[in-house]
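S.K.: Have a look at this one before I ask anything.
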Amino acid sequence: ISTANNGQECLDMISNVYKLHSGHVIPANATHLSGNVQQGSDIAKFDVIIMDMMMPCMNGIDATQAVTKWSRNGLLGKSPPVIVGLTGNSLEEDIQRFIDAGAIAALPKPLKMHQLIDVLKAHGIIFQ
């Protein structure tokens with residue numbers, strides 16, 4: 001598990017893990033971030049990103065859009081991370097903004113683990 005204090009820090013972490021340089025992915029050594037990578041894979045990766053909507057420097061919507069763009073351009077490998085938005089506002093328009101930005105869902109704060117698990121199951125990310 002990794003944490004970022006803002007959207008830009010999140011993008012920097014993803015860029016570092018996936019070794020994004022000049023629009024190309026260079027496989028990373030899967031041992032240098034043991035808590036964040038799938039061992040034995042060609043590319044170190046994040047499976048799920050829980051993205052808070054309100055962050056300093058860069059908000060969660062902008063960061064989600066950037067990660068989604070990288071994914072669509074094939075820069076995050078064959079299994080890019082999925083993004084679950086997190087918001088203190090359960091307004092339908094906030095939830096829709098996250099979905100439009102590329103998140104699979106947006107959950108209210110405080111995060112309840114059973115809600116996250118339900119979303120991940122519904123999207124085939126975890127099975128039980």
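We label chains A, B, ... in the order they appear in the structure tokens, count residues from 1 in each chain, and number ligands from 1 in the order shown.
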Can you tell me, as an MDAnalysis selection string, which residues in chain A count as strand (DSSP E) by DSSP?

M.R.: chainID A and resid 20:21 24:25 48:52 82:87 105:108

S.K.: Enumerate, as a PyMOL selection string, the complete set of residues in chain A that a backbone-based DSSP assignment places in alpha helix (DSSP H).

M.R.: chain A and resi 7-18+60-72+92-101+113-122

S.K.: Within 8 Å of Phe98 (chain A), counting only C-alpha atoms, which residues show up once you throw out same-chain ones fewer than 5 positions away? Write them as a PDB file with N, CA and C atoms, in the first residue's frame, please.

M.R.:
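See part-v6.pdb below for the written result:
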```pdb
ATOM      1  N   ILE A  61      -9.974  14.438  -9.523  1.00  0.00           N
ATOM      2  CA  ILE A  61     -10.572  14.356 -10.859  1.00  0.00           C
ATOM      3  C   ILE A  61      -9.484  14.532 -11.916  1.00  0.00           C
ATOM      4  N   THR A  64      -7.197  11.523 -11.908  1.00  0.00           N
ATOM      5  CA  THR A  64      -7.872  10.376 -12.523  1.00  0.00           C
ATOM      6  C   THR A  64      -7.864  10.506 -14.041  1.00  0.00           C
ATOM      7  N   GLY A  85     -13.028   6.414  -6.968  1.00  0.00           N
ATOM      8  CA  GLY A  85     -13.042   7.753  -6.407  1.00  0.00           C
ATOM      9  C   GLY A  85     -13.558   7.742  -4.972  1.00  0.00           C
ATOM     10  N   ALA A 103     -12.902   6.767 -13.429  1.00  0.00           N
ATOM     11  CA  ALA A 103     -13.030   5.892 -12.258  1.00  0.00           C
ATOM     12  C   ALA A 103     -14.139   4.861 -12.501  1.00  0.00           C
ATOM     13  N   ALA A 105     -15.987   3.747 -10.056  1.00  0.00           N
ATOM     14  CA  ALA A 105     -17.022   4.094  -9.078  1.00  0.00           C
ATOM     15  C   ALA A 105     -16.509   5.238  -8.224  1.00  0.00           C
ATOM     16  N   ALA A 106     -17.410   5.845  -7.476  1.00  0.00           N
ATOM     17  CA  ALA A 106     -17.039   6.856  -6.490  1.00  0.00           C
ATOM     18  C   ALA A 106     -17.796   6.530  -5.211  1.00  0.00           C
TER      19      ALA A 106
END
```

S.K.: Would you mind listing what lies within 10 Å of Asn6 (chain A) as a compact mmCIF listing (two decimals) with C-alpha atoms, in the first residue's frame, with only C-alpha atoms counted and same-chain residues fewer than 3 positions away left out?

M.R.:
```txt
# COMPACT_ATOMS: atom_id res chain seq x y z
CA THR A 3 -0.14 6.82 -0.13
CA GLU A 9 2.35 13.10 -6.06
CA CYS A 10 0.10 10.21 -7.14
CA LEU A 11 0.99 10.79 -10.80
CA MET A 51 -8.43 8.59 -5.37
CA ASP A 52 -9.71 11.32 -3.07
CA MET A 53 -11.56 14.09 -4.85
CA MET A 54 -10.29 17.00 -2.75
CA MET A 55 -6.51 17.19 -2.59
CA PRO A 56 -4.07 20.09 -2.69
CA CYS A 57 -1.87 20.78 -5.70
CA MET A 58 -3.93 18.59 -8.08
CA ASN A 59 -7.41 17.30 -7.32
CA GLY A 60 -8.53 13.70 -7.71
CA ALA A 63 -5.29 13.01 -11.49
```

S.K.: Which value, in Å to one decimal, gives the distance between CA of Ile83 (chain A) and CA of Ile49 (chain A)?

M.R.: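 Distance reported for this atom pair: 4.7 Å.
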
S.K.: If you measure from CA of Val119 (chain A) to CA of Ser79 (chain A), what distance in Å do you get, rounded to one decimal?

M.R.: 17.6 Å

S.K.: Go through A:Leu20, A:Ile125, A:Asp62, A:Ser2 one by one, measure the shortest atom-to-atom distance of each to Arg97 (chain A) using only C-alpha atoms, and give the residue with the smallest value.

M.R.: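 Residue with the minimum atom-to-atom distance to Arg97 (chain A): A:Asp62.
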